[in-house]
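As stored in coords11.cif (mmCIF, C-alpha atoms):
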```
data_coords
loop_
_atom_site.label_atom_id
_atom_site.label_comp_id
_atom_site.auth_asym_id
_atom_site.auth_seq_id
_atom_site.Cartn_x
_atom_site.Cartn_y
_atom_site.Cartn_z
CA MET K 25 -9.67 -3.85 -14.89
CA LYS K 26 -11.38 -7.15 -15.69
CA GLU K 27 -13.85 -9.05 -13.61
CA LYS K 28 -12.53 -12.19 -11.92
CA SER K 29 -13.93 -14.69 -9.43
CA ILE K 30 -12.80 -14.84 -5.79
CA PHE K 31 -12.61 -17.48 -3.11
CA LYS K 32 -15.91 -18.10 -1.35
CA MET K 33 -17.54 -20.78 0.80
CA ASN K 34 -20.98 -21.56 2.15
CA GLY K 35 -22.00 -18.62 4.29
CA PHE K 36 -24.33 -20.58 6.54
CA ALA K 37 -21.51 -22.87 7.67
CA ALA K 38 -19.28 -19.87 8.30
CA LEU K 39 -22.08 -18.15 10.23
CA ILE K 40 -22.54 -21.16 12.48
CA ILE K 41 -18.79 -21.35 13.10
CA ALA K 42 -18.68 -17.61 13.92
CA LEU K 43 -21.61 -17.93 16.38
CA LEU K 44 -20.05 -20.97 18.03
CA CYS K 45 -16.73 -19.17 18.42
CA ILE K 46 -18.38 -16.11 19.93
CA GLY K 47 -20.55 -18.20 22.25
CA PHE K 48 -17.67 -20.42 23.34
CA GLY K 49 -15.42 -17.41 23.85
CA ILE K 50 -18.00 -15.69 26.05
CA PHE K 51 -18.35 -18.94 28.01
CA LEU K 52 -14.59 -19.08 28.59
CA ILE K 53 -14.48 -15.46 29.66
CA ALA K 54 -17.38 -15.94 32.06
CA THR K 55 -16.28 -19.21 33.60
CA GLY K 56 -12.50 -19.09 33.32
CA ALA K 57 -10.83 -18.60 36.68
CA ALA K 58 -7.34 -18.17 35.33
CA ILE K 59 -6.11 -15.28 33.23
CA ALA K 60 -5.11 -17.68 30.48
CA GLY K 61 -8.69 -18.92 30.20
CA LYS K 62 -10.07 -15.41 29.85
CA ILE K 63 -7.43 -14.52 27.26
CA ALA K 64 -8.30 -17.66 25.32
CA GLY K 65 -11.97 -16.68 25.48
CA ILE K 66 -11.19 -13.19 24.12
CA VAL K 67 -9.12 -14.70 21.30
CA VAL K 68 -11.96 -17.09 20.37
CA VAL K 69 -14.47 -14.21 20.33
CA ILE K 70 -12.15 -12.17 18.10
CA VAL K 71 -11.83 -15.14 15.74
CA GLY K 72 -15.63 -15.38 15.56
CA LEU K 73 -15.90 -11.66 14.81
CA ILE K 74 -13.24 -11.95 12.10
CA ILE K 75 -15.18 -14.80 10.49
CA GLY K 76 -18.28 -12.60 10.70
CA THR K 77 -16.58 -9.86 8.63
CA SER K 78 -16.19 -12.33 5.77
CA LEU K 79 -19.94 -12.85 5.38
CA THR K 80 -21.84 -11.19 2.55
CA ILE K 81 -25.30 -11.57 1.01
CA VAL K 82 -25.67 -11.50 -2.78
CA GLN K 83 -29.18 -10.84 -4.09
CA PRO K 84 -30.46 -12.30 -7.40
CA ASN K 85 -29.09 -10.44 -10.45
CA GLU K 86 -26.55 -8.62 -8.34
CA ALA K 87 -22.79 -8.82 -7.88
CA LYS K 88 -20.50 -7.94 -5.01
CA VAL K 89 -17.12 -6.42 -5.87
CA LEU K 90 -14.52 -7.00 -3.15
CA THR K 91 -11.43 -4.98 -2.29
CA PHE K 92 -8.92 -5.62 0.51
CA PHE K 93 -7.40 -2.42 1.85
CA GLY K 94 -7.56 -0.77 -1.57
CA THR K 95 -6.59 -3.86 -3.59
CA TYR K 96 -9.15 -5.29 -5.98
CA LEU K 97 -9.71 -9.00 -5.26
CA GLY K 98 -12.62 -10.17 -7.38
CA VAL K 99 -16.38 -10.45 -7.80
CA ILE K 100 -19.07 -12.75 -6.37
CA ARG K 101 -22.02 -13.21 -8.76
CA ASP K 102 -23.78 -16.26 -7.28
CA GLN K 103 -26.79 -15.39 -5.17
CA GLY K 104 -27.00 -16.41 -1.53
CA LEU K 105 -25.01 -16.09 1.71
CA TRP K 106 -21.27 -16.47 1.22
CA ALA K 107 -18.11 -16.29 3.28
CA THR K 108 -14.97 -14.92 1.68
CA ILE K 109 -11.75 -13.21 2.74
CA PRO K 110 -12.23 -11.28 6.03
CA PHE K 111 -11.94 -7.49 6.27
CA THR K 112 -12.85 -7.02 2.61
CA PHE K 113 -14.85 -4.00 1.46
CA LYS K 114 -17.87 -5.14 -0.55
CA ARG K 115 -19.69 -2.98 -3.10
CA ARG K 116 -22.98 -3.91 -4.73
CA VAL K 117 -23.52 -3.71 -8.50
CA SER K 118 -26.90 -4.39 -10.11
CA LEU K 119 -26.86 -6.79 -13.08
CA ARG K 120 -30.50 -6.16 -13.96
CA VAL K 121 -31.62 -4.80 -17.33
CA THR K 122 -32.07 -1.02 -17.08
CA ASN K 123 -33.81 1.55 -19.28
CA PHE K 124 -32.43 5.02 -19.89
CA ASN K 125 -34.80 7.54 -21.48
CA SER K 126 -32.91 10.51 -22.83
CA GLU K 127 -34.19 14.05 -22.72
CA LYS K 128 -35.45 15.69 -25.90
CA LEU K 129 -32.26 16.92 -27.50
CA LYS K 130 -32.15 19.78 -29.99
CA VAL K 131 -29.59 19.13 -32.72
CA ASN K 132 -29.03 19.89 -36.41
CA ASP K 133 -29.43 17.02 -38.84
CA LEU K 134 -27.18 16.33 -41.83
CA GLU K 135 -28.84 19.11 -43.86
CA GLY K 136 -28.57 21.62 -41.03
CA ASN K 137 -32.26 21.54 -40.07
CA PRO K 138 -32.87 21.87 -36.31
CA ILE K 139 -34.69 18.82 -35.00
CA GLU K 140 -35.78 17.39 -31.65
CA ILE K 141 -34.73 13.83 -30.94
CA ALA K 142 -34.89 11.47 -27.97
CA ALA K 143 -34.12 7.77 -27.59
CA VAL K 144 -34.47 4.92 -25.14
CA VAL K 145 -31.41 2.82 -24.34
CA VAL K 146 -31.74 -0.63 -22.76
CA TYR K 147 -28.55 -1.87 -21.12
CA LYS K 148 -27.09 -4.07 -18.41
CA VAL K 149 -23.74 -4.37 -16.67
CA ARG K 150 -21.52 -7.07 -18.15
CA ASP K 151 -18.35 -6.50 -16.12
CA ALA K 152 -18.98 -5.31 -12.55
CA ALA K 153 -15.32 -4.45 -11.91
CA LYS K 154 -15.13 -2.17 -14.97
CA ALA K 155 -18.42 -0.53 -14.06
CA LEU K 156 -17.10 0.43 -10.61
CA TYR K 157 -13.42 1.13 -11.14
CA ASP K 158 -12.89 2.10 -14.79
CA VAL K 159 -15.38 4.99 -14.70
CA GLU K 160 -16.38 7.37 -11.93
CA ASN K 161 -20.11 6.63 -12.03
CA TYR K 162 -21.24 4.13 -14.63
CA GLU K 163 -24.90 5.20 -14.58
CA LYS K 164 -23.97 8.84 -15.19
CA PHE K 165 -21.44 7.66 -17.79
CA VAL K 166 -24.17 5.74 -19.64
CA GLN K 167 -26.40 8.81 -19.60
CA ILE K 168 -23.79 11.22 -20.96
CA GLN K 169 -22.40 8.83 -23.59
CA SER K 170 -25.91 7.90 -24.74
CA GLU K 171 -26.84 11.53 -25.30
CA THR K 172 -23.53 12.08 -27.09
CA GLY K 173 -24.20 9.09 -29.35
CA ILE K 174 -27.74 10.28 -30.10
CA ARG K 175 -26.43 13.71 -31.09
CA HIS K 176 -23.80 12.11 -33.32
CA ILE K 177 -26.32 9.89 -35.12
CA ALA K 178 -28.80 12.77 -35.53
CA SER K 179 -26.13 14.90 -37.21
CA THR K 180 -25.05 12.02 -39.48
CA TYR K 181 -28.44 11.50 -41.18
CA ALA K 182 -31.04 13.82 -42.63
CA TYR K 183 -34.46 14.00 -41.01
CA ASP K 184 -36.13 13.19 -44.31
CA SER K 185 -35.20 12.90 -47.98
CA PHE K 186 -37.21 14.75 -50.60
CA GLU K 187 -35.09 13.82 -53.61
CA ASN K 188 -33.15 10.54 -53.20
CA ASN K 189 -35.24 7.65 -51.90
CA ASN K 190 -32.15 5.45 -51.47
CA THR K 191 -30.67 7.69 -48.78
CA LEU K 192 -31.05 6.56 -45.16
CA THR K 193 -33.04 9.08 -43.13
CA LEU K 194 -34.07 9.34 -39.50
CA ARG K 195 -37.79 9.26 -40.29
CA GLN K 196 -37.98 6.62 -43.00
CA ASN K 197 -35.29 4.17 -41.84
CA SER K 198 -35.83 3.93 -38.09
CA ASP K 199 -34.71 0.28 -37.86
CA GLU K 200 -31.45 0.85 -39.71
CA VAL K 201 -30.72 4.00 -37.72
CA ALA K 202 -31.45 2.12 -34.48
CA ASP K 203 -28.89 -0.54 -35.43
CA VAL K 204 -26.26 2.12 -36.14
CA LEU K 205 -27.06 3.89 -32.88
CA MET K 206 -26.79 0.65 -30.92
CA TYR K 207 -23.40 -0.14 -32.49
CA ASP K 208 -22.11 3.36 -31.77
CA LEU K 209 -23.27 3.25 -28.14
CA GLN K 210 -21.74 -0.19 -27.60
CA LYS K 211 -18.33 1.13 -28.64
CA ARG K 212 -18.69 4.08 -26.27
CA LEU K 213 -19.85 1.99 -23.28
CA ASP K 214 -17.40 -0.93 -23.58
CA VAL K 215 -14.98 0.89 -21.29
CA ALA K 216 -17.60 0.77 -18.51
CA GLY K 217 -18.33 -2.95 -18.94
CA VAL K 218 -21.88 -2.25 -20.13
CA ASP K 219 -23.78 -4.18 -22.82
CA VAL K 220 -26.33 -2.28 -24.92
CA ILE K 221 -29.34 -4.54 -25.51
CA GLU K 222 -31.42 -2.11 -27.56
CA ALA K 223 -31.31 1.53 -28.61
CA ARG K 224 -34.25 3.06 -30.43
CA ILE K 225 -35.46 6.57 -31.28
CA MET K 226 -38.69 7.30 -29.41
CA HIS K 227 -39.20 10.97 -30.37
CA LEU K 228 -38.36 12.72 -33.62
CA ALA K 229 -39.69 16.03 -34.85
CA TYR K 230 -38.65 19.26 -36.47
CA SER K 231 -37.99 22.12 -34.07
CA SER K 232 -40.90 24.46 -33.56
CA GLU K 233 -39.32 27.33 -35.50
CA ILE K 234 -39.26 25.37 -38.79
CA ALA K 235 -41.97 22.77 -38.19
CA SER K 236 -44.65 24.70 -40.12
CA ALA K 237 -42.40 25.34 -43.14
CA MET K 238 -41.21 21.74 -43.28
CA LEU K 239 -44.80 20.50 -43.03
CA GLN K 240 -45.72 22.58 -46.07
CA ARG K 241 -42.70 21.16 -47.88
CA GLN K 242 -43.76 17.61 -47.06
CA GLN K 243 -47.31 18.31 -48.22
CA ALA K 244 -46.07 19.83 -51.47
CA GLN K 245 -43.79 16.86 -52.03
CA ALA K 246 -46.67 14.47 -51.42
CA VAL K 247 -48.86 16.36 -53.91
CA LEU K 248 -46.10 16.28 -56.54
CA SER K 249 -45.52 12.57 -56.00
CA ALA K 250 -49.24 11.86 -56.35
CA ARG K 251 -49.41 13.98 -59.51
CA LYS K 252 -46.49 12.09 -61.02
CA VAL K 253 -48.25 8.76 -60.41
CA ILE K 254 -51.45 10.11 -61.98
CA VAL K 255 -49.66 11.49 -65.02
CA ASP K 256 -47.66 8.29 -65.54
CA GLY K 257 -50.87 6.29 -65.37
CA ALA K 258 -52.67 8.67 -67.72
CA VAL K 259 -49.89 8.44 -70.30
CA GLY K 260 -50.09 4.66 -70.18
CA LEU K 261 -53.87 4.70 -70.62
CA VAL K 262 -53.72 7.11 -73.56
CA LYS K 263 -50.98 5.10 -75.25
CA ALA K 264 -52.94 1.87 -74.81
CA ALA K 265 -56.12 3.47 -76.16
CA ILE K 266 -54.43 4.81 -79.31
CA GLU K 267 -52.62 1.52 -79.94
CA GLN K 268 -55.83 -0.47 -79.51
CA LEU K 269 -57.79 1.80 -81.86
CA THR K 270 -55.04 1.54 -84.46
CA GLU K 271 -54.59 -2.23 -84.18
CA GLN K 272 -58.31 -3.00 -84.43
CA ASP K 273 -58.72 -0.50 -87.28
CA ILE K 274 -61.71 1.10 -85.58
CA VAL K 275 -60.89 4.57 -86.77
CA GLU K 276 -58.10 6.07 -88.80
CA LEU K 277 -56.24 8.68 -86.82
CA ASP K 278 -53.86 11.17 -88.33
CA GLU K 279 -51.39 13.13 -86.24
CA GLU K 280 -53.81 15.99 -85.62
CA LYS K 281 -56.57 13.63 -84.47
CA LYS K 282 -54.11 11.78 -82.23
CA ALA K 283 -53.00 15.05 -80.66
CA GLN K 284 -56.60 16.11 -80.05
CA MET K 285 -57.44 12.70 -78.60
CA VAL K 286 -54.38 12.77 -76.34
CA ASN K 287 -55.36 16.24 -75.14
CA ASN K 288 -58.94 15.22 -74.36
CA LEU K 289 -57.97 12.01 -72.60
CA MET K 290 -55.24 13.68 -70.52
CA VAL K 291 -57.60 16.43 -69.42
CA ALA K 292 -60.28 13.89 -68.49
CA ILE K 293 -57.92 11.63 -66.54
CA VAL K 294 -55.63 14.15 -64.84
CA SER K 295 -58.23 16.76 -63.97
CA GLU K 296 -59.20 16.82 -60.26
CA LYS K 297 -62.80 17.71 -61.12
CA GLY K 298 -65.11 15.63 -63.24
CA THR K 299 -65.18 16.67 -66.92
CA GLN K 300 -68.44 17.38 -68.76
CA PRO K 301 -68.74 15.47 -72.06
CA ILE K 302 -69.75 17.42 -75.17
CA ILE K 303 -71.50 15.54 -77.96
CA ASN K 304 -70.34 16.62 -81.42
CA THR K 305 -73.16 16.11 -83.96
CA GLY K 306 -71.20 17.44 -86.90
CA SER K 307 -67.71 17.16 -88.24
CA ILE K 308 -64.92 16.97 -85.74
CA TYR K 309 -63.37 19.86 -87.61
#
```
As structure tokens:
Amino acid sequence: MKEKSIFKMNGFAALIIALLCIGFGIFLIATGAAIAGKIAGIVVVIVGLIIGTSLTIVQPNEAKVLTFFGTYLGVIRDQGLWATIPFTFKRRVSLRVTNFNSEKLKVNDLEGNPIEIAAVVVYKVRDAAKALYDVENYEKFVQIQSETGIRHIASTYAYDSFENNNTLTLRQNSDEVADVLMYDLQKRLDVAGVDVIEARIMHLAYSSEIASAMLQRQQAQAVLSARKVIVDGAVGLVKAAIEQLTEQDIVELDEEKKAQMVNNLMVAIVSEKGTQPIINTGSIY
């Protein structure tokens, strides 16, 4: 069911006409001596009341969906007082931007690790007719479909990657994951005439039963990564030192001396504690 406009006219003019009809009808009933005059007065009052049933007030950023004895007629979006078809049933739909904060959901990520995840979804109604008549309760529908989409995205990506840095993860690629989540939710909520403005993860953590173990894993990975950087830098420094000594012919190094020099330099650079120099006053052998 698609939203469509409906006939409407200035409500203030219709209100004045309705009041005049009611007032004039009451005057005829009160002053009419003949039966015909009283009947005419009753008819005029009924006409005024019928006009009064056509009046409706539309607040800013709201819409009124109209049905006539079970038949959908259309939607009024313009704010103000309007007169439309009499005897219509009018339902209000908010067009304001709304936030939905999901509960903390417990779900397994791509690697099977239990995680806690929650997201905030910002949305607004695009099609008031769909929101009312294509789903039972569009606000509840948004809530359930949002939680379903969050669970789906959480199970599609790993919480974190310890091996492949090019893999999208929930922790490291929050912007990319938010875009995927927004696209997934938009497909789910189109049937309700709802536009998703933003969807973003606001809580992400390992479940309590594995949080300690995963923290140790992250710390170990960080230590290994730091060690790799240090070793790579140390190898570069040692290589540069040997090449510079050789090029400038400062000292002649055979393979044994190079090996000893590499060992000493690597220990001095890579060691976490400061090394104590030893002065050799004799032969290096």
Answer key for the PyMOL selection byres ((chain K and resi 130) around 12), residues as a ChimeraX atom specification: /K:126-129,131-133,136-142,171-172,174-176,178-179,227-233
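Across the structure, CA of Lys88 (chain K) and CA of Lys114 (chain K) are spaced 5.9 Å apart.
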Shell of 8 Å around region 205-212 of chain K, all atoms listed in the file, local chain residues under 5 positions omitted, as an MDAnalysis selection string: chainID K and resid 169:170 173:174 177 218:224
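One finds CA of Ser118 (chain K) at 12.4 Å from CA of Gly217 (chain K).
If you look at CA of Phe48 (chain K) and CA of Val67 (chain K), they are 10.5 Å away from each other.
Proximity of K:Val144, K:Ile75, K:Ala152, K:Ile50 to Pro110 (chain K), computed with all atoms listed in the file, is greatest for K:Ile75.
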K:Val149, K:Ile100, K:Ala37, K:Val89 ranked by distance to Gly76 (chain K), top pick (using all atoms listed in the file): K:Ala37
Residues selected by the PyMOL selection byres ((chain K and resi 153-155) around 12), written as a PyMOL selection string: chain K and resi 25-29+87-91+96-101+114-119+148-152+156-166+213-219
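Counting all atoms listed in the file, the residue from K:Leu79, K:Ala60, K:Ile168, K:Ile66 that sits nearest to Ala42 (chain K) is K:Leu79.
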Which residues are close to Gly61 (chain K), i.e. within 12 Å by all atoms listed in the file, leaving aside same-chain residues fewer than 6 positions away? Reply as a JSON list (two decimals) with C-alpha atoms, in the coordinates of the input.
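See around_16.json below for the written result:
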```
[["chain", "number", "residue", "atom", "x", "y", "z"],
["K", 48, "PHE", "CA", -17.67, -20.42, 23.34],
["K", 49, "GLY", "CA", -15.42, -17.41, 23.85],
["K", 50, "ILE", "CA", -18.00, -15.69, 26.05],
["K", 51, "PHE", "CA", -18.35, -18.94, 28.01],
["K", 52, "LEU", "CA", -14.59, -19.08, 28.59],
["K", 53, "ILE", "CA", -14.48, -15.46, 29.66],
["K", 54, "ALA", "CA", -17.38, -15.94, 32.06],
["K", 55, "THR", "CA", -16.28, -19.21, 33.60],
["K", 67, "VAL", "CA", -9.12, -14.70, 21.30],
["K", 68, "VAL", "CA", -11.96, -17.09, 20.37]]
```
Output of the PyMOL selection byres ((chain K and resi 83) around 9), listed as a count of residues only: 11
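Here the question is which of K:Ser78, K:Val259, K:Val121, K:Thr180 gets nearest to Leu192 (chain K) using only C-alpha atoms, and that residue is K:Thr180.
Among K:Asp184, K:Asp256, K:Asp203, K:Glu271, the residue with the shortest atom-to-atom distance to Val145 (chain K), counting all atoms listed in the file, is K:Asp203.
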